[in-house]
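*Asks:* Take a look at this one; I'll ask things after.
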Amino acid sequence: MIPQISSFQQYQEVYNHSVNDPEGFWAEVAQNFQWRKPWKKTLEWDFATANTKWFVGGKMNITENALDRHLATRGDQAAIIWESNDPEEESITLTYKMLHQKVCQFANVLKKHGAKKGDRICIYMPMIPELAIAVLACARIGAIHSVVFGGFSAQSIADRINDAQCNIVITSDGSFRGNKEIGLKNTVDDALIQCPSVKKVIVSTRTRTPVSMLKGRDVWWENEVKTVSSDCPAEEMDSEDMLFILYTSGSTGKPKGVVHTCGGYMVYATYTFANVFQYQPEQVHFCTADIGWITGHSYIVYGPLCHGATSLMFEGIPTYPDAGRFWDVIDKHKVNILYTAPTAIRSLMSFGNQFVDNKDLSSLKTLGSVGEPINEEAWNWYNENIGKGKCPIVDTWWQTETGGIMISPIAGITKTKPAYATLPLPGVQPILVDENGNEILGNGVSGNLCIKFPWPGIIRTTYGDHERCIQTYFSTYKNLYFTGDGCLRDEDGYYRITGRVDDVMNVSGHRIGTAEVENAINMHLGVIESAVVGYPHDIKGQGIYAYVICDKDLEDKDLARKDILATVTRAIGPIAKPDKIQFVSGLPKTRSGKIMRRILRKIAEGETANIGDTSTLLDPSVVEEIIGGAL
Ligand code: PRX
């Protein structure tokens, strides 16, 4: 099993070793996995061309590590415990043996429909066991999965399918979220009008929502698994063969397909899982993320399963049937590790303690936070009311592109500090740089966060456009991976991530590009131009503020707002809907036509008293008008 750090002194020793001899360090970690053929070279890298290869020449399959390897030792242990949206519906436990069997069976269904190594398969599903099975079945046969979060629109699905040229889609009739029933297959049908590459759609049943099944293209999951055997040897994969694509937003309009490969990702997701959470045998790990995001990939599916852990998968939302649901799930399944997002914590905190006080949370040992900066108030509430002052909180900083946790306390070992991600994990070499890329040395400083040496989970490329990968991550600062985040390092050398320094917002822990939302708003008839910025929001962390210019005097502003929201929902999905829309007659632009977002951000933040220099604006009077109408 993966070596776990057991004291702070050991952390310091291991960290130093990992910096002095990164290849030696990661080679020792990787020995603990099952390889069909050993690697010939531990690392090859060149940040200038965005080329990183780990465990070069090694052959393996991640599902042999996540499933087969455990059959002899823990075949009857729960691999996945599934909790329904409906508290009355019985939960499901899949042991490692059962999960292995179901994955192999579904892998054979994929093969029956022509799937083979290297194909791209889109998965658009609710949080049901079939989602984890579908992901693992793709990995089993070497197909590259591209999971699209169930809240994205038909247009977003189509864009992602077309970018990766997927030939199969796996979906469900619908999903349950709180008291809502949402059609998924119908949305896929709308998407597929634009997707000629898709030849098959496999549909699992969840809601019994009426769906249309196209003869020759669509088949039912439940029928198909009956026609195949459950014997499916794993495909032999090279360490650097693609494992999955996961789309994420950046500063430009089009989401990019972040690519992770088999060997390095496996080693990194598993090592960080075992160490950050200090998972002990038989514990129950509950990560509340959706598998549609990287957190679900790494800490519901791959990390826990490769470590032989029990992973709890929850279909619902924290506030259904009431704001005590997480605590009920924890009590019911005796959860030991809870890993959730600050947005969820702040939202549950706002309901008051009556939903917590009478719950038995005594099984909890470790609490985690991910996805956005956690404010001190939320941190303290989490610590006192959920952890009862006894559970270490690991505030984990990382990104879709990093594959796994990068800066975080090690539970029970690193001394925590509210709102601080604290220290880098072994193998992670962060540095802070100024605008010109000069390293900022010493403590008590802040700057842009970069990483100066590759780790096994680093992004390998952006699917179909390697140049974009170079430009986005490796060109801003020479020979560094640039995270896009601002960060401070305090007097103790502890890191605190302060938020994005680019045009990316973080809304409820979801990454949304301002340009993406602007493009969506601009699609609406009557909109001439728009500018979108984030602003502080009590629950969501950031809210979306849109300044919109329309082509005529709007008679009914409320209706126009609703139309714009509907347009954004159709183009991206409800998560990207602006919280505020202000109609304006002009935007603050420089003489060269660049929108000065700094000013718009200040106005959205309500900081109109110190707007700063407006002398470079083409028409400074526009600022007064915008301030006058600010929401
Ligand atoms: O700004 C950082 C923020 O989330 C961004 C990454 O988003 P995504 O790729 O969607 O991955 C989210 C889950 C790993 C980062 O650039 N972020 C993530 N974790 C933290 C954070 N900000 C502050 N503190 C964190 N712990």
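By order of appearance in the structure tokens: chains A, B, ..., then residues from 1 within every chain, and ligands from 1 in the order shown.
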Please return as a ChimeraX atom specification the residues found within 9 Å of ligand 1, counting only C-alpha atoms and all ligand atoms.
*Replies:* /A:248-249,293-296,341-342,369-374,394-405,407-408,419-421,483-487,496-501,504-506,509-512
*Asks:* Would you please extract all helix (DSSP H, G or I) residues from stretch 120-290 of chain A, as assigned by DSSP on the backbone, and give them as a VMD selection string?
*Replies:* chain A and resid 129 to 141 154 to 164 185 to 192 221 to 225 262 to 276
*Asks:* Go through stretch 234-424 of chain A and collect every residue that DSSP, computed from the backbone, puts in strand (DSSP E or B); the answer should be as a ChimeraX atom specification.
*Replies:* /A:237-238,242-248,256-261,284-287,310-314,337-340,366-370,393-397,407,422,424
*Asks:* Write out as an mmCIF file with all heavy atoms, in the first residue's frame which residues come within 12 Å of A:Met213 when counting only C-alpha atoms, dropping same-chain ones fewer than 3 positions away.
*Replies:*
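The resulting file, part06.cif, is shown below:
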```cif
data_model
loop_
_atom_site.group_PDB
_atom_site.id
_atom_site.type_symbol
_atom_site.label_atom_id
_atom_site.label_comp_id
_atom_site.auth_asym_id
_atom_site.auth_seq_id
_atom_site.Cartn_x
_atom_site.Cartn_y
_atom_site.Cartn_z
ATOM 1 N N SER A 172 -28.367 8.817 -18.786
ATOM 2 C CA SER A 172 -29.513 8.239 -18.079
ATOM 3 C C SER A 172 -30.766 8.920 -18.573
ATOM 4 O O SER A 172 -30.692 10.017 -19.143
ATOM 5 C CB SER A 172 -29.419 8.501 -16.583
ATOM 6 O OG SER A 172 -28.387 7.760 -16.021
ATOM 7 N N ASP A 173 -31.909 8.305 -18.283
ATOM 8 C CA ASP A 173 -33.146 8.985 -18.656
ATOM 9 C C ASP A 173 -33.246 10.338 -17.959
ATOM 10 O O ASP A 173 -33.609 11.338 -18.559
ATOM 11 C CB ASP A 173 -34.375 8.096 -18.358
ATOM 12 C CG ASP A 173 -34.360 7.484 -16.961
ATOM 13 O OD1 ASP A 173 -33.424 7.734 -16.187
ATOM 14 O OD2 ASP A 173 -35.321 6.746 -16.637
ATOM 15 N N LYS A 185 -31.512 12.472 -20.871
ATOM 16 C CA LYS A 185 -31.493 11.909 -22.229
ATOM 17 C C LYS A 185 -32.044 12.920 -23.235
ATOM 18 O O LYS A 185 -31.510 13.077 -24.338
ATOM 19 C CB LYS A 185 -32.313 10.613 -22.254
ATOM 20 C CG LYS A 185 -32.581 10.026 -23.641
ATOM 21 C CD LYS A 185 -31.318 9.547 -24.320
ATOM 22 C CE LYS A 185 -31.582 8.606 -25.493
ATOM 23 N NZ LYS A 185 -32.352 9.161 -26.588
ATOM 24 N N ASN A 186 -33.094 13.632 -22.855
ATOM 25 C CA ASN A 186 -33.663 14.632 -23.767
ATOM 26 C C ASN A 186 -32.637 15.715 -24.097
ATOM 27 O O ASN A 186 -32.559 16.186 -25.231
ATOM 28 C CB ASN A 186 -34.904 15.292 -23.141
ATOM 29 C CG ASN A 186 -36.033 14.289 -23.011
ATOM 30 O OD1 ASN A 186 -36.062 13.285 -23.723
ATOM 31 N ND2 ASN A 186 -36.953 14.545 -22.092
ATOM 32 N N VAL A 188 -29.389 15.251 -24.045
ATOM 33 C CA VAL A 188 -28.417 14.612 -24.939
ATOM 34 C C VAL A 188 -28.973 14.589 -26.365
ATOM 35 O O VAL A 188 -28.260 14.891 -27.332
ATOM 36 C CB VAL A 188 -28.081 13.177 -24.451
ATOM 37 C CG1 VAL A 188 -27.332 12.393 -25.516
ATOM 38 C CG2 VAL A 188 -27.264 13.241 -23.162
ATOM 39 N N ASP A 189 -30.254 14.256 -26.515
ATOM 40 C CA ASP A 189 -30.856 14.230 -27.855
ATOM 41 C C ASP A 189 -30.719 15.587 -28.540
ATOM 42 O O ASP A 189 -30.385 15.674 -29.723
ATOM 43 C CB ASP A 189 -32.340 13.850 -27.773
ATOM 44 C CG ASP A 189 -32.524 12.368 -27.452
ATOM 45 O OD1 ASP A 189 -31.581 11.582 -27.704
ATOM 46 O OD2 ASP A 189 -33.599 11.993 -26.944
ATOM 47 N N LYS A 200 -23.490 5.711 -31.003
ATOM 48 C CA LYS A 200 -24.266 4.929 -30.024
ATOM 49 C C LYS A 200 -24.537 5.745 -28.776
ATOM 50 O O LYS A 200 -23.666 6.498 -28.316
ATOM 51 C CB LYS A 200 -23.464 3.695 -29.572
ATOM 52 C CG LYS A 200 -23.464 2.557 -30.547
ATOM 53 C CD LYS A 200 -24.764 1.785 -30.500
ATOM 54 C CE LYS A 200 -24.852 0.934 -31.768
ATOM 55 N NZ LYS A 200 -26.158 0.638 -32.241
ATOM 56 N N VAL A 201 -25.722 5.534 -28.218
ATOM 57 C CA VAL A 201 -26.048 6.149 -26.933
ATOM 58 C C VAL A 201 -26.534 5.042 -26.002
ATOM 59 O O VAL A 201 -27.459 4.291 -26.359
ATOM 60 C CB VAL A 201 -27.144 7.228 -27.088
ATOM 61 C CG1 VAL A 201 -27.465 7.864 -25.740
ATOM 62 C CG2 VAL A 201 -26.710 8.300 -28.081
ATOM 63 N N ILE A 202 -25.893 4.905 -24.860
ATOM 64 C CA ILE A 202 -26.289 3.870 -23.896
ATOM 65 C C ILE A 202 -26.982 4.577 -22.734
ATOM 66 O O ILE A 202 -26.414 5.503 -22.141
ATOM 67 C CB ILE A 202 -25.063 3.066 -23.420
ATOM 68 C CG1 ILE A 202 -24.334 2.485 -24.648
ATOM 69 C CG2 ILE A 202 -25.496 1.951 -22.467
ATOM 70 C CD1 ILE A 202 -23.032 1.787 -24.349
ATOM 71 N N VAL A 203 -28.210 4.140 -22.431
ATOM 72 C CA VAL A 203 -29.044 4.880 -21.483
ATOM 73 C C VAL A 203 -29.371 4.015 -20.274
ATOM 74 O O VAL A 203 -29.963 2.937 -20.416
ATOM 75 C CB VAL A 203 -30.370 5.313 -22.158
ATOM 76 C CG1 VAL A 203 -31.170 6.239 -21.238
ATOM 77 C CG2 VAL A 203 -30.111 5.990 -23.497
ATOM 78 N N SER A 204 -28.998 4.470 -19.093
ATOM 79 C CA SER A 204 -29.394 3.723 -17.898
ATOM 80 C C SER A 204 -30.675 4.348 -17.338
ATOM 81 O O SER A 204 -30.968 5.516 -17.587
ATOM 82 C CB SER A 204 -28.272 3.727 -16.859
ATOM 83 O OG SER A 204 -28.333 4.882 -16.078
ATOM 84 N N PRO A 210 -40.081 9.928 -19.414
ATOM 85 C CA PRO A 210 -40.264 9.442 -20.787
ATOM 86 C C PRO A 210 -39.138 9.945 -21.704
ATOM 87 O O PRO A 210 -38.787 11.120 -21.644
ATOM 88 C CB PRO A 210 -41.608 10.067 -21.205
ATOM 89 C CG PRO A 210 -42.278 10.453 -19.933
ATOM 90 C CD PRO A 210 -41.206 10.739 -18.943
ATOM 91 N N GLY A 216 -31.422 1.867 -33.697
ATOM 92 C CA GLY A 216 -30.109 1.824 -34.355
ATOM 93 C C GLY A 216 -29.046 2.639 -33.629
ATOM 94 O O GLY A 216 -27.861 2.408 -33.796
ATOM 95 N N ARG A 217 -29.471 3.626 -32.846
ATOM 96 C CA ARG A 217 -28.478 4.447 -32.134
ATOM 97 C C ARG A 217 -28.540 4.242 -30.622
ATOM 98 O O ARG A 217 -27.520 4.115 -29.958
ATOM 99 C CB ARG A 217 -28.718 5.929 -32.452
ATOM 100 C CG ARG A 217 -27.631 6.842 -31.913
ATOM 101 C CD ARG A 217 -28.033 8.308 -31.950
ATOM 102 N NE ARG A 217 -29.048 8.617 -30.951
ATOM 103 C CZ ARG A 217 -29.584 9.826 -30.752
ATOM 104 N NH1 ARG A 217 -29.216 10.837 -31.526
ATOM 105 N NH2 ARG A 217 -30.500 10.020 -29.818
ATOM 106 N N ASP A 218 -29.753 4.192 -30.080
ATOM 107 C CA ASP A 218 -29.902 4.190 -28.625
ATOM 108 C C ASP A 218 -30.196 2.793 -28.081
ATOM 109 O O ASP A 218 -31.037 2.081 -28.641
ATOM 110 C CB ASP A 218 -31.052 5.121 -28.215
ATOM 111 C CG ASP A 218 -30.851 6.559 -28.698
ATOM 112 O OD1 ASP A 218 -29.735 6.864 -29.177
ATOM 113 O OD2 ASP A 218 -31.798 7.360 -28.605
ATOM 114 N N VAL A 219 -29.545 2.438 -26.997
ATOM 115 C CA VAL A 219 -29.829 1.142 -26.344
ATOM 116 C C VAL A 219 -29.931 1.359 -24.837
ATOM 117 O O VAL A 219 -29.373 2.320 -24.296
ATOM 118 C CB VAL A 219 -28.727 0.086 -26.638
ATOM 119 C CG1 VAL A 219 -28.698 -0.282 -28.115
ATOM 120 C CG2 VAL A 219 -27.341 0.560 -26.187
ATOM 121 N N TRP A 220 -30.641 0.433 -24.162
ATOM 122 C CA TRP A 220 -30.774 0.517 -22.704
ATOM 123 C C TRP A 220 -29.640 -0.232 -22.021
ATOM 124 O O TRP A 220 -29.369 -1.381 -22.343
ATOM 125 C CB TRP A 220 -32.115 -0.089 -22.250
ATOM 126 C CG TRP A 220 -33.308 0.743 -22.613
ATOM 127 C CD1 TRP A 220 -34.236 0.456 -23.585
ATOM 128 C CD2 TRP A 220 -33.714 1.975 -22.010
ATOM 129 N NE1 TRP A 220 -35.198 1.444 -23.626
ATOM 130 C CE2 TRP A 220 -34.899 2.388 -22.661
ATOM 131 C CE3 TRP A 220 -33.201 2.777 -20.988
ATOM 132 C CZ2 TRP A 220 -35.576 3.566 -22.324
ATOM 133 C CZ3 TRP A 220 -33.869 3.949 -20.660
ATOM 134 C CH2 TRP A 220 -35.045 4.331 -21.316
#
```
*Asks:* So, counting only C-alpha atoms, which residue among A:Phe314, A:Tyr463, A:Trp45, A:Tyr271 is closest to A:Gly257?
*Replies:*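 That would be A:Tyr463, the residue with the smallest distance to A:Gly257.
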*Asks:* If you measure from atom CA of A:Asn438 to atom CA of A:Leu488, what distance in Å do you get, rounded to one decimal?
*Replies:*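 Atom CA of A:Asn438 sits 15.2 Å away from atom CA of A:Leu488.
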*Asks:* Of the candidates A:Asp490, A:Glu315, A:Asp619, A:Glu376, which shows the shortest atom-to-atom distance to A:Arg177, using only C-alpha atoms?
*Replies:*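 The shortest atom-to-atom distance to A:Arg177 comes from A:Glu315.
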*Asks:* Using only C-alpha atoms, can you tell me which of A:Arg325, A:Arg591, A:Lys37, A:Lys390 comes closest to A:Lys359?
*Replies:*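 Nearest to A:Lys359: A:Arg325.
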*Asks:* Quick one: which stretch 124-212 of chain A residues come within 12 Å of stretch 515-533 of chain A, and what is the nearest atom pair for each with the distance in Å to one decimal, counting only C-alpha atoms, rows ordered by chain and ascending number, as JSON lines?
*Replies:*
```
{"residue": "A:Ser153", "atom": "CA", "partner": "A:Ala520", "partner_atom": "CA", "distance": 11.8}
{"residue": "A:Gln155", "atom": "CA", "partner": "A:Ala520", "partner_atom": "CA", "distance": 10.7}
{"residue": "A:Ser156", "atom": "CA", "partner": "A:Glu516", "partner_atom": "CA", "distance": 10.9}
```
*Asks:* Which polymer residues have any atom within 10 Å of an atom of A:Phe55, counting only C-alpha atoms, with same-chain residues fewer than 6 positions away left out, as a list in words?
*Replies:* Glu23, Trp26, Ala27, Ala30, Pro38, Trp39, Lys40, Lys41, Thr42, Leu43, Glu44, Asp238, Ser239, Glu240, Gly263, Gly264, Val267 and Pro456 of chain A
*Asks:* Which residues are near A:Gly150? Cut-off 10 Å, only C-alpha atoms, ignore same chain within fewer than 3 positions. Put them as a VMD selection string.
*Replies:* chain A and resid 123 to 127 147 153 157 171 174 to 175 182 to 184 187 290 to 292 573
*Asks:* Can you spit out the residues from that selection as a compact mmCIF listing (two decimals), in the first residue's frame, using all heavy atoms?
*Replies:*
```txt
# COMPACT_ATOMS: atom_id res chain seq x y z
N ILE A 123 -19.66 10.95 -21.07
CA ILE A 123 -20.55 10.43 -20.02
C ILE A 123 -21.31 11.62 -19.42
O ILE A 123 -20.69 12.59 -18.97
CB ILE A 123 -19.72 9.71 -18.92
CG1 ILE A 123 -18.89 8.58 -19.54
CG2 ILE A 123 -20.64 9.18 -17.83
CD1 ILE A 123 -18.00 7.82 -18.55
N TYR A 124 -22.63 11.54 -19.46
CA TYR A 124 -23.48 12.63 -18.95
C TYR A 124 -24.54 11.97 -18.07
O TYR A 124 -25.56 11.50 -18.56
CB TYR A 124 -24.10 13.35 -20.15
CG TYR A 124 -24.94 14.56 -19.82
CD1 TYR A 124 -24.37 15.76 -19.40
CD2 TYR A 124 -26.33 14.53 -19.99
CE1 TYR A 124 -25.15 16.88 -19.14
CE2 TYR A 124 -27.11 15.65 -19.74
CZ TYR A 124 -26.52 16.82 -19.31
OH TYR A 124 -27.29 17.93 -19.06
N MET A 125 -24.25 11.88 -16.78
CA MET A 125 -25.08 11.05 -15.91
C MET A 125 -25.30 11.68 -14.54
O MET A 125 -24.51 12.52 -14.10
CB MET A 125 -24.41 9.68 -15.70
CG MET A 125 -24.39 8.83 -16.93
SD MET A 125 -23.59 7.25 -16.57
CE MET A 125 -25.00 6.28 -16.16
N PRO A 126 -26.33 11.21 -13.86
CA PRO A 126 -26.51 11.64 -12.48
C PRO A 126 -25.53 10.90 -11.57
O PRO A 126 -24.83 9.99 -12.03
CB PRO A 126 -27.95 11.24 -12.15
CG PRO A 126 -28.29 10.16 -13.10
CD PRO A 126 -27.38 10.26 -14.28
N MET A 127 -25.50 11.26 -10.29
CA MET A 127 -24.60 10.61 -9.34
C MET A 127 -25.19 9.28 -8.88
O MET A 127 -25.66 9.13 -7.75
CB MET A 127 -24.37 11.53 -8.15
CG MET A 127 -23.35 12.62 -8.44
SD MET A 127 -21.66 11.98 -8.50
CE MET A 127 -21.36 11.76 -6.76
N VAL A 147 -16.21 13.12 -18.94
CA VAL A 147 -17.44 13.24 -18.16
C VAL A 147 -17.89 14.70 -18.22
O VAL A 147 -17.09 15.61 -18.00
CB VAL A 147 -17.24 12.82 -16.68
CG1 VAL A 147 -18.56 12.86 -15.92
CG2 VAL A 147 -16.62 11.42 -16.60
N SER A 153 -25.69 22.43 -20.31
CA SER A 153 -26.75 22.47 -21.34
C SER A 153 -26.39 21.58 -22.53
O SER A 153 -25.25 21.14 -22.69
CB SER A 153 -26.91 23.89 -21.83
OG SER A 153 -25.74 24.26 -22.55
N ILE A 157 -22.75 20.27 -24.02
CA ILE A 157 -22.44 18.86 -24.30
C ILE A 157 -21.95 18.73 -25.73
O ILE A 157 -20.93 18.08 -26.01
CB ILE A 157 -23.68 17.96 -24.10
CG1 ILE A 157 -24.25 18.10 -22.69
CG2 ILE A 157 -23.36 16.50 -24.39
CD1 ILE A 157 -25.62 17.44 -22.53
N THR A 171 -25.54 7.87 -20.87
CA THR A 171 -26.37 8.81 -20.14
C THR A 171 -27.45 8.06 -19.36
O THR A 171 -27.43 6.83 -19.28
CB THR A 171 -26.97 9.86 -21.11
OG1 THR A 171 -27.62 10.88 -20.35
CG2 THR A 171 -27.95 9.24 -22.09
N GLY A 174 -32.90 10.37 -16.68
CA GLY A 174 -32.98 11.64 -15.97
C GLY A 174 -32.26 11.57 -14.65
O GLY A 174 -31.64 10.56 -14.31
N SER A 175 -32.32 12.68 -13.91
CA SER A 175 -31.68 12.67 -12.60
C SER A 175 -32.61 13.31 -11.56
O SER A 175 -33.46 14.14 -11.90
CB SER A 175 -30.35 13.42 -12.66
OG SER A 175 -30.54 14.80 -12.70
N ILE A 182 -34.84 16.00 -13.44
CA ILE A 182 -34.25 16.67 -14.60
C ILE A 182 -34.00 15.66 -15.70
O ILE A 182 -33.37 14.62 -15.48
CB ILE A 182 -32.91 17.34 -14.19
CG1 ILE A 182 -33.15 18.32 -13.02
CG2 ILE A 182 -32.27 18.07 -15.37
CD1 ILE A 182 -31.92 18.60 -12.18
N GLY A 183 -34.50 15.95 -16.89
CA GLY A 183 -34.30 15.04 -18.02
C GLY A 183 -32.88 15.15 -18.54
O GLY A 183 -32.41 16.25 -18.83
N LEU A 184 -32.18 14.03 -18.63
CA LEU A 184 -30.82 14.06 -19.18
C LEU A 184 -30.80 13.57 -20.62
O LEU A 184 -30.16 14.17 -21.48
CB LEU A 184 -29.87 13.22 -18.33
CG LEU A 184 -29.65 13.66 -16.87
CD1 LEU A 184 -28.61 12.78 -16.20
CD2 LEU A 184 -29.22 15.11 -16.77
N THR A 187 -31.86 16.09 -23.10
CA THR A 187 -30.81 17.09 -23.34
C THR A 187 -29.74 16.53 -24.27
O THR A 187 -29.26 17.22 -25.17
CB THR A 187 -30.19 17.52 -21.98
OG1 THR A 187 -31.26 17.91 -21.12
CG2 THR A 187 -29.23 18.67 -22.13
N ASP A 290 -19.42 16.22 -7.32
CA ASP A 290 -20.02 15.44 -8.39
C ASP A 290 -18.87 14.85 -9.22
O ASP A 290 -17.83 15.50 -9.40
CB ASP A 290 -20.88 16.35 -9.27
CG ASP A 290 -21.76 15.56 -10.23
OD1 ASP A 290 -21.22 14.95 -11.19
OD2 ASP A 290 -22.99 15.55 -10.02
N ILE A 291 -19.06 13.65 -9.74
CA ILE A 291 -18.00 13.03 -10.55
C ILE A 291 -17.78 13.81 -11.85
O ILE A 291 -16.78 13.65 -12.52
CB ILE A 291 -18.30 11.52 -10.77
CG1 ILE A 291 -18.22 10.79 -9.42
CG2 ILE A 291 -17.36 10.88 -11.78
CD1 ILE A 291 -18.55 9.31 -9.46
N GLY A 292 -18.68 14.71 -12.15
CA GLY A 292 -18.50 15.59 -13.31
C GLY A 292 -17.39 16.61 -13.16
O GLY A 292 -17.04 17.30 -14.11
N GLY A 573 -25.54 26.61 -19.10
CA GLY A 573 -26.23 25.84 -18.07
C GLY A 573 -26.58 26.79 -16.94
O GLY A 573 -26.05 27.90 -16.88
```
*Asks:* What lies within 9 Å of stretch 7-17 of chain A using only C-alpha atoms, ignoring chain neighbours under 4 positions off, as a ChimeraX atom specification?
*Replies:* /A:21-22,24-25,410,412-415,424-428
*Asks:* Keeping only N, CA and C atoms, write the selected residues to a file as a compact mmCIF listing (two decimals), in the first residue's frame.
*Replies:*
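Result file is again_39.txt:
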```
# COMPACT_ATOMS: atom_id res chain seq x y z
N ASP A 21 15.47 14.90 -4.72
CA ASP A 21 15.50 13.78 -5.67
C ASP A 21 14.07 13.41 -6.07
N PRO A 22 13.42 14.29 -6.85
CA PRO A 22 12.01 14.05 -7.18
C PRO A 22 11.80 12.70 -7.88
N GLY A 24 13.63 9.98 -7.71
CA GLY A 24 13.79 8.88 -6.76
C GLY A 24 12.57 8.76 -5.87
N PHE A 25 12.09 9.91 -5.41
CA PHE A 25 10.93 9.91 -4.52
C PHE A 25 9.71 9.30 -5.20
N ILE A 410 -1.58 17.90 6.08
CA ILE A 410 -1.76 16.46 6.17
C ILE A 410 -2.53 16.25 7.47
N GLY A 412 -4.08 15.84 10.82
CA GLY A 412 -3.56 15.46 12.13
C GLY A 412 -2.07 15.65 12.27
N ILE A 413 -1.40 16.04 11.20
CA ILE A 413 0.06 16.13 11.23
C ILE A 413 0.53 17.57 11.04
N THR A 414 -0.03 18.25 10.04
CA THR A 414 0.34 19.65 9.83
C THR A 414 -0.56 20.51 10.71
N LYS A 415 0.04 21.43 11.43
CA LYS A 415 -0.75 22.34 12.26
C LYS A 415 -1.58 23.21 11.32
N PRO A 424 3.07 22.81 0.95
CA PRO A 424 3.01 21.94 -0.22
C PRO A 424 3.18 20.48 0.16
N LEU A 425 2.52 19.62 -0.58
CA LEU A 425 2.70 18.18 -0.37
C LEU A 425 4.06 17.76 -0.93
N PRO A 426 4.56 16.61 -0.49
CA PRO A 426 5.81 16.13 -1.06
C PRO A 426 5.74 16.11 -2.59
N GLY A 427 6.81 16.52 -3.22
CA GLY A 427 6.86 16.52 -4.68
C GLY A 427 6.33 17.79 -5.31
N VAL A 428 5.79 18.71 -4.51
CA VAL A 428 5.22 19.94 -5.05
C VAL A 428 6.12 21.12 -4.69
```
*Asks:* Report the distance between atom CA of A:Gly541 and atom CA of A:Ser508 in Å, rounded to one decimal place.
*Replies:*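 Atom-to-atom, atom CA of A:Gly541 to atom CA of A:Ser508, that is 6.0 Å.
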*Asks:* In Å, how far is it from atom CA of A:Ile245 to atom CA of A:Met266?
*Replies:* 14.5 Å
*Asks:* Determine, counting only C-alpha atoms, which protein, DNA and RNA residues have an atom within 12 Å of an atom of stretch 595-605 of chain A; residues of the same chain fewer than 2 positions away are not included. Present the result as a ChimeraX atom specification.
*Replies:* /A:501-503,505,514-515,529-537,542-548,579-582,584,586-593,607-620,622-631
*Asks:* Looking at only C-alpha atoms, which of A:Tyr494, A:Cys391, A:Phe474, A:Phe277 is the one that sits closest to A:Val445?
*Replies:* A:Tyr494
*Asks:* From the options A:Trp221, A:Tyr265, A:Trp381, A:Tyr495, which residue's atoms come nearest to A:Asn108, counting only C-alpha atoms?
*Replies:*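 Among the listed residues, the smallest separation from A:Asn108 belongs to A:Trp221.
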*Asks:* With only C-alpha atoms as the atoms that count, which of A:Leu136, A:Met1, A:Leu71, A:Met349 lies nearest to A:Pro281?
*Replies:*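 Distance minimum relative to A:Pro281 lands on A:Met1.
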*Asks:* Please produce, as CSV, a per-residue contact table for stretch 117-195 of chain A versus stretch 76-99 of chain A (criterion: any atom at most 12 Å away, only C-alpha atoms considered), showing the nearest atom pair and its distance in Å to one decimal, sorted by chain then residue number.
*Replies:*
```
residue,atom,partner,partner_atom,distance
A:Pro126,CA,A:Asn85,CA,10.4
A:Met127,CA,A:Ser84,CA,8.7
A:Ile128,CA,A:Trp82,CA,7.2
A:Pro129,CA,A:Trp82,CA,6.7
A:Glu130,CA,A:Leu99,CA,10.0
A:Leu131,CA,A:Trp82,CA,11.2
A:Ala132,CA,A:Ile80,CA,9.0
A:Ile133,CA,A:Leu99,CA,7.3
A:Ala134,CA,A:Leu99,CA,11.0
A:Val135,CA,A:Leu99,CA,11.9
A:Leu136,CA,A:Leu99,CA,9.5
A:Ala137,CA,A:Leu99,CA,10.3
A:Ser175,CA,A:Asn85,CA,9.4
A:Phe176,CA,A:Asn85,CA,6.5
A:Arg177,CA,A:Asn85,CA,6.5
A:Gly178,CA,A:Asn85,CA,6.5
A:Asn179,CA,A:Asn85,CA,8.8
A:Lys180,CA,A:Asn85,CA,10.2
A:Glu181,CA,A:Asn85,CA,10.7
```
